[in-house]
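Here is the file final-v5.cif (mmCIF, C-alpha atoms).
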```
data_coords
#
loop_
_atom_site.label_atom_id
_atom_site.label_comp_id
_atom_site.auth_asym_id
_atom_site.auth_seq_id
_atom_site.Cartn_x
_atom_site.Cartn_y
_atom_site.Cartn_z
CA HIS J 1 -41.62 13.43 22.17
CA GLU J 2 -41.09 17.07 23.08
CA PRO J 3 -42.23 16.81 26.73
CA GLU J 4 -39.76 14.00 27.29
CA GLY J 5 -37.01 16.03 25.68
CA GLN J 6 -37.79 19.00 27.91
CA ALA J 7 -37.75 16.75 30.98
CA ARG J 8 -34.28 15.57 30.01
CA LEU J 9 -33.25 19.20 29.51
CA VAL J 10 -34.41 20.11 33.02
CA ALA J 11 -32.59 17.08 34.43
CA ALA J 12 -29.41 18.15 32.64
CA ILE J 13 -29.69 21.65 34.12
CA HIS J 14 -29.89 20.15 37.60
CA ARG J 15 -26.93 17.83 36.99
CA ASN J 16 -24.65 20.61 35.73
CA PRO J 17 -25.98 24.02 36.85
CA ASN J 18 -22.49 25.54 36.75
CA SER J 19 -21.99 24.69 33.10
CA GLY J 20 -22.18 27.43 30.52
CA LEU J 21 -24.57 25.21 28.57
CA ALA J 22 -26.99 25.29 31.50
CA ARG J 23 -27.86 28.93 30.67
CA LEU J 24 -28.72 27.99 27.11
CA ALA J 25 -30.78 25.03 28.30
CA LEU J 26 -32.61 27.26 30.77
CA ALA J 27 -33.45 29.79 28.06
CA GLU J 28 -34.71 27.03 25.77
CA HIS J 29 -36.90 25.53 28.48
CA ILE J 30 -38.34 28.93 29.42
CA GLU J 31 -39.37 29.49 25.79
CA TYR J 32 -41.03 26.09 25.75
CA LEU J 33 -42.94 26.80 28.95
CA ARG J 34 -44.07 30.22 27.75
CA GLU J 35 -45.32 28.76 24.48
CA HIS J 36 -47.20 25.91 26.14
CA GLY J 37 -48.22 27.35 29.51
CA GLY J 38 -47.74 31.10 29.45
CA THR J 39 -46.07 33.50 31.84
CA GLU J 40 -47.46 31.99 35.02
CA GLN J 41 -45.95 28.63 34.22
CA VAL J 42 -42.59 30.24 33.51
CA LEU J 43 -42.70 32.15 36.79
CA SER J 44 -43.71 29.06 38.73
CA TYR J 45 -40.81 27.13 37.19
CA LEU J 46 -38.29 29.91 37.89
CA GLU J 47 -39.41 30.27 41.50
CA GLY J 48 -38.92 26.55 42.01
CA GLU J 49 -35.51 26.62 40.36
CA ALA J 50 -34.49 29.61 42.48
CA LYS J 51 -34.98 27.47 45.57
CA ALA J 52 -33.19 24.47 44.11
CA LEU J 53 -30.34 26.18 42.23
CA GLY J 54 -30.21 29.66 43.76
CA ASP J 55 -26.74 29.09 45.20
CA SER J 56 -25.28 27.70 41.96
CA GLU J 57 -23.69 29.71 39.18
CA LEU J 58 -27.10 29.64 37.50
CA GLY J 59 -28.67 31.51 40.42
CA GLU J 60 -28.14 34.98 38.98
CA THR J 61 -29.53 34.00 35.59
CA ILE J 62 -32.64 32.53 37.21
CA THR J 63 -33.13 35.69 39.29
CA TYR J 64 -32.71 37.95 36.27
CA ARG J 65 -34.93 35.85 34.02
CA ARG J 66 -37.72 36.01 36.60
CA ALA J 67 -37.50 39.82 36.55
CA ARG J 68 -37.61 39.83 32.75
CA GLU J 69 -40.63 37.55 32.74
CA LEU J 70 -42.51 39.85 35.10
CA ASP J 71 -41.53 42.75 32.86
CA LEU J 72 -42.75 41.03 29.71
CA ALA J 73 -46.03 40.27 31.47
CA GLY J 74 -46.55 43.97 32.18
CA ARG J 75 -46.30 43.54 35.94
CA THR J 76 -44.31 46.74 36.22
CA ALA J 77 -43.93 47.24 39.97
CA GLU J 78 -43.11 43.57 40.55
CA ALA J 79 -40.58 43.66 37.71
CA ARG J 80 -38.92 46.74 39.21
CA ASP J 81 -38.62 45.06 42.58
CA ALA J 82 -37.23 41.91 40.99
CA TYR J 83 -34.63 43.84 38.97
CA LEU J 84 -33.51 45.69 42.10
CA ALA J 85 -33.33 42.43 44.04
CA CYS J 86 -31.14 40.97 41.29
CA ALA J 87 -28.79 43.98 41.33
CA THR J 88 -28.56 43.87 45.12
CA ARG J 89 -27.96 40.15 45.44
CA PHE J 90 -25.48 40.05 42.55
CA PRO J 91 -23.74 43.44 42.76
CA TYR J 92 -20.88 45.02 40.84
CA PRO J 93 -18.34 43.79 39.85
CA VAL J 94 -19.35 40.10 39.92
CA GLY J 95 -22.96 40.51 38.80
CA ALA J 96 -23.21 39.86 35.07
CA TYR J 97 -26.67 41.42 34.88
CA TRP J 98 -26.06 44.15 37.47
CA ASP J 99 -26.02 47.17 35.17
CA ASP J 100 -28.82 45.88 32.97
CA ALA J 101 -30.99 45.16 36.03
CA LEU J 102 -30.50 48.70 37.37
CA PHE J 103 -31.19 50.25 33.98
CA ARG J 104 -34.39 48.28 33.54
CA ALA J 105 -35.45 49.07 37.12
CA ALA J 106 -35.06 52.76 36.25
CA GLU J 107 -37.23 52.31 33.17
CA LYS J 108 -39.90 50.71 35.35
CA GLU J 109 -39.74 53.65 37.77
CA LEU J 110 -40.39 56.01 34.88
CA ALA J 111 -43.35 53.91 33.80
CA LEU J 112 -44.65 54.13 37.36
CA GLY J 113 -44.26 57.91 37.41
CA ALA J 114 -41.26 58.06 39.74
CA PRO J 115 -38.47 59.89 37.87
CA GLU J 116 -36.53 60.77 41.03
CA ARG J 117 -36.31 57.08 41.93
CA ALA J 118 -35.24 56.28 38.38
CA LEU J 119 -32.38 58.76 38.75
CA LEU J 120 -31.26 57.07 41.98
CA HIS J 121 -30.89 53.70 40.24
CA LEU J 122 -28.99 55.19 37.30
CA GLN J 123 -26.72 57.20 39.59
CA ARG J 124 -26.10 54.08 41.67
CA MET J 125 -24.82 52.39 38.54
CA LEU J 126 -22.62 55.27 37.44
CA ALA J 127 -21.15 55.65 40.94
CA GLU J 128 -19.40 52.32 40.37
CA GLN J 129 -17.89 53.64 37.17
CA GLU J 130 -16.55 56.64 39.07
CA SER J 131 -14.88 54.43 41.68
CA ALA J 132 -13.53 52.06 39.03
CA VAL J 133 -11.48 54.86 37.46
CA ILE J 134 -9.05 54.49 40.33
CA THR J 135 -8.87 50.70 40.47
CA GLY J 136 -9.21 50.02 36.76
CA SER J 137 -12.24 48.15 35.47
CA TYR J 138 -14.15 47.17 32.39
CA GLU J 139 -16.69 49.60 31.00
CA ARG J 140 -20.16 48.19 31.54
CA GLY J 141 -22.42 48.16 28.51
CA ARG J 142 -25.13 50.27 30.11
CA TYR J 143 -22.97 53.11 31.48
CA ALA J 144 -23.27 55.50 28.54
CA GLU J 145 -26.92 54.62 28.07
CA ALA J 146 -27.56 55.34 31.75
CA GLN J 147 -25.92 58.76 31.46
CA LEU J 148 -28.05 59.57 28.43
CA LYS J 149 -31.16 58.36 30.24
CA ILE J 150 -30.40 60.67 33.18
CA ALA J 151 -30.32 63.60 30.76
CA GLU J 152 -33.60 62.50 29.20
CA VAL J 153 -35.26 62.28 32.62
CA TYR J 154 -34.25 65.87 33.39
CA ARG J 155 -35.43 66.98 29.95
CA ASP J 156 -38.71 65.09 29.70
CA GLN J 157 -39.95 64.27 33.19
CA LEU J 158 -38.41 66.96 35.39
CA LYS J 159 -38.58 69.72 32.74
CA ASP J 160 -35.09 70.99 33.52
CA PRO J 161 -33.42 71.54 30.13
CA LEU J 162 -30.38 73.30 31.59
CA ARG J 163 -29.56 70.34 33.83
CA ALA J 164 -30.32 68.03 30.91
CA ARG J 165 -27.69 69.85 28.84
CA ARG J 166 -25.08 69.35 31.57
CA GLU J 167 -25.92 65.66 31.79
CA LEU J 168 -25.78 65.26 28.02
CA ARG J 169 -22.25 66.69 27.94
CA LYS J 170 -21.16 63.98 30.38
CA VAL J 171 -21.81 61.34 27.71
CA TRP J 172 -18.94 62.90 25.76
CA GLU J 173 -16.79 63.59 28.80
CA LYS J 174 -17.03 60.14 30.36
CA HIS J 175 -17.98 57.72 27.58
CA ARG J 176 -16.08 58.88 24.52
CA THR J 177 -16.04 55.49 22.80
CA SER J 178 -19.83 55.16 22.96
CA THR J 179 -21.91 55.35 19.81
CA LEU J 180 -24.30 57.57 21.76
CA VAL J 181 -21.85 60.48 22.04
CA ASP J 182 -22.87 62.37 18.92
CA ASP J 183 -26.57 61.90 19.70
CA ALA J 184 -25.99 63.44 23.13
CA LEU J 185 -23.95 66.35 21.81
CA PHE J 186 -26.47 67.19 19.11
CA GLU J 187 -29.34 67.04 21.60
CA GLU J 188 -27.37 69.36 23.89
CA ALA J 189 -27.02 71.77 20.98
CA ARG J 190 -30.71 71.49 20.13
CA LEU J 191 -31.75 72.32 23.70
CA ALA J 192 -29.39 75.29 23.77
CA HIS J 193 -30.73 76.49 20.42
CA THR J 194 -34.28 76.29 21.75
CA ALA J 195 -33.15 78.45 24.68
CA ASN J 196 -31.58 81.00 22.27
CA ASP J 197 -28.15 80.28 23.74
CA GLN J 198 -25.86 80.64 20.74
CA ALA J 199 -22.62 79.90 22.58
CA GLY J 200 -24.22 76.86 24.20
CA THR J 201 -25.40 75.72 20.78
CA CYS J 202 -22.04 76.05 19.07
CA ALA J 203 -19.91 74.40 21.77
CA PRO J 204 -21.18 70.81 21.39
CA LEU J 205 -21.49 71.18 17.63
CA SER J 206 -17.83 72.21 17.47
CA ILE J 207 -16.93 68.97 19.21
CA ILE J 208 -18.90 67.02 16.62
CA THR J 209 -17.30 68.75 13.64
CA THR J 210 -13.72 68.54 14.97
CA GLN J 211 -13.71 65.28 16.94
CA LEU J 212 -16.50 63.31 15.25
CA PRO J 213 -16.45 64.50 11.63
CA THR J 214 -18.01 61.28 10.30
CA SER J 215 -21.10 61.75 12.47
CA ARG J 216 -24.41 62.08 10.65
CA TYR J 217 -24.87 65.35 12.56
CA ALA J 218 -21.71 67.01 11.22
CA ALA J 219 -23.48 68.12 8.04
CA CYS J 220 -26.17 69.81 10.13
CA ALA J 221 -23.94 71.70 12.55
CA HIS J 222 -23.66 74.91 10.50
CA LEU J 223 -27.47 75.15 10.30
CA LEU J 224 -27.66 75.67 14.06
CA CYS J 225 -24.29 77.39 14.47
CA PRO J 226 -23.56 79.74 11.52
CA THR J 227 -19.95 80.26 12.59
CA LEU J 228 -19.19 76.64 11.70
CA ALA J 229 -18.28 75.83 8.11
CA ALA J 230 -20.70 73.83 5.98
CA THR J 231 -19.60 70.37 4.85
CA HIS J 232 -19.92 68.83 1.40
CA ASP J 233 -22.74 66.61 2.67
CA ASP J 234 -26.39 67.54 3.04
CA CYS J 235 -28.15 67.46 6.39
CA HIS J 236 -30.73 64.66 6.41
CA ASP J 237 -34.33 65.85 6.44
CA TYR J 238 -35.25 63.71 9.45
CA ILE J 239 -32.52 65.42 11.51
CA LYS J 240 -33.77 68.83 10.39
CA ARG J 241 -37.33 67.94 11.43
CA ALA J 242 -36.21 66.64 14.82
CA ALA J 243 -34.11 69.74 15.46
CA GLY J 244 -36.72 72.18 14.16
CA ILE J 245 -34.42 73.38 11.37
CA PRO J 246 -36.31 75.02 8.47
#
```
Rewritten as structure tokens:
Amino acid sequence: HEPEGQARLVAAIHRNPNSGLARLALAEHIEYLREHGGTEQVLSYLEGEAKALGDSELGETITYRRARELDLAGRTAEARDAYLACATRFPYPVGAYWDDALFRAAEKELALGAPERALLHLQRMLAEQESAVITGSYERGRYAEAQLKIAEVYRDQLKDPLRARRELRKVWEKHRTSTLVDDALFEEARLAHTANDQAGTCAPLSIITTQLPTSRYAACAHLLCPTLAATHDDCHDYIKRAAGIP
């Protein structure tokens, strides 16, 4: 019987909360609860487990999963607070969900109409990357995405395209192995082109054509910067439409 199986699963989580399998069991049980009782039942379960297992190795996962559940339920302000609480209680470098929690908190701030607060969370994340350059550290998965999001906030919410261009360049300068680099450089060029800044348009496109020649944007570079040579490939129509290229 499924309820009996789930009860055994919960018992196993309590017996071995520091086991890697406990995270998988927790995820499975959460899905079961959501399917059979909805979000409120999941939240009630997680709040109980936070009290019982909050000091175990499963504590961070429980804290993060509660934030995600609030997010999925559309409880935006509560989700933001829960993500921030997770990032604060389980900070860099030990927090496995630290960067994701800050990124998602920033997204919630944007949904709540608070772009300046969103920037604070993203900058808080990237400040750790800056300090890690000296000590040596692993690149967190959300770093490049956070830098791109900062640029987007300046472009879309704060209506500051010049600052957005500077922030877009940082994706290339500080996250060169990221798959987001060419997107950021091309967007920088597009914003400069919109501002009739030819030198500002050509500079990021030159980086794409010389350093990232396999990028999907390389074939489009000469259409925005005539001093760059055309490639043998055609610029995709969807890129032309997005960039306003005739």
Which residue is closest to Arg241 in chain J? Choose from J:Ala25, J:Gln6, J:Arg190, J:Ala127 and count only C-alpha atoms.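 Using only C-alpha atoms, the shortest distance to Arg241 in chain J belongs to J:Arg190.
We find CA of Ile208 in chain J and CA of Lys159 in chain J to be spaced 25.6 Å apart.
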Rows by chain and residue number, range 85-112 of chain J within 8 Å of range 53-65 of chain J, shortest pair, only C-alpha atoms, as a tab-separated table:
```
residue	atom	partner	partner_atom	distance
J:Cys86	CA	J:Thr63	CA	6.0
J:Phe90	CA	J:Glu60	CA	6.7
J:Gly95	CA	J:Glu60	CA	7.6
J:Ala96	CA	J:Glu60	CA	8.0
J:Tyr97	CA	J:Tyr64	CA	7.1
J:Ala101	CA	J:Tyr64	CA	7.4
```
If you count all atoms listed in the file, which residues fall within 8 Å of Glu167 in chain J, apart from same-chain ones fewer than 5 positions away, as number ranges by chain? J: 147-148, 150-151
Residues selected by the PyMOL selection byres ((chain J and resi 163) around 12), written as a PDB file with C-alpha atoms, keeping the file's coordinate frame:
```
ATOM      1  CA  ILE J 150     -30.400  60.670  33.180  1.00  0.00           C
ATOM      2  CA  ALA J 151     -30.320  63.600  30.760  1.00  0.00           C
ATOM      3  CA  GLU J 152     -33.600  62.500  29.200  1.00  0.00           C
ATOM      4  CA  VAL J 153     -35.260  62.280  32.620  1.00  0.00           C
ATOM      5  CA  TYR J 154     -34.250  65.870  33.390  1.00  0.00           C
ATOM      6  CA  ARG J 155     -35.430  66.980  29.950  1.00  0.00           C
ATOM      7  CA  ASP J 156     -38.710  65.090  29.700  1.00  0.00           C
ATOM      8  CA  LEU J 158     -38.410  66.960  35.390  1.00  0.00           C
ATOM      9  CA  LYS J 159     -38.580  69.720  32.740  1.00  0.00           C
ATOM     10  CA  ASP J 160     -35.090  70.990  33.520  1.00  0.00           C
ATOM     11  CA  PRO J 161     -33.420  71.540  30.130  1.00  0.00           C
ATOM     12  CA  LEU J 162     -30.380  73.300  31.590  1.00  0.00           C
ATOM     13  CA  ALA J 164     -30.320  68.030  30.910  1.00  0.00           C
ATOM     14  CA  ARG J 165     -27.690  69.850  28.840  1.00  0.00           C
ATOM     15  CA  ARG J 166     -25.080  69.350  31.570  1.00  0.00           C
ATOM     16  CA  GLU J 167     -25.920  65.660  31.790  1.00  0.00           C
ATOM     17  CA  LEU J 168     -25.780  65.260  28.020  1.00  0.00           C
ATOM     18  CA  ARG J 169     -22.250  66.690  27.940  1.00  0.00           C
ATOM     19  CA  LYS J 170     -21.160  63.980  30.380  1.00  0.00           C
ATOM     20  CA  GLU J 188     -27.370  69.360  23.890  1.00  0.00           C
ATOM     21  CA  LEU J 191     -31.750  72.320  23.700  1.00  0.00           C
ATOM     22  CA  ALA J 192     -29.390  75.290  23.770  1.00  0.00           C
TER      23      ALA J 192
END
```
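Remark: for Ala230 in chain J, the closest of the candidate residues J:Thr88, J:Thr214, J:Thr209, J:Gln198 is J:Thr209 (distances computed over only C-alpha atoms).
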Step by step: start from the point (-40.0, 47.8, 40.2) in the file's coordinates, keep every protein, DNA or RNA residue that has an atom no farther than 12 Å from it, count all atoms listed in the file, and write the set as a PyMOL selection string. chain J and resi 67-68+70-71+74-87+101-114+117-118+121
Nearest residue to Thr201 in chain J from the set J:His222, J:Arg89, J:Arg176, J:Lys51 (distances using only C-alpha atoms):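 For Thr201 in chain J, the nearest of the candidates is J:His222.
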Write out as a ChimeraX atom specification each polymer residue whose atoms come within 12 Å of Glu40 in chain J, counting all atoms listed in the file; drop sequence neighbours fewer than 3 positions from it. /J:30,33-37,43-47,66,69-70,72-73,75
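Going from CA of Tyr92 in chain J over to CA of Gln129 in chain J, you cover 9.8 Å.
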Could you give me the centre and size, in Å to one decimal, of an axis-aligned box around all listed atoms of range 167-182 of chain J with 5 Å added on every side, as JSON?
```
{"center_x": -21.0, "center_y": 60.9, "center_z": 25.4, "size_x": 19.9, "size_y": 21.5, "size_z": 22.9}
```
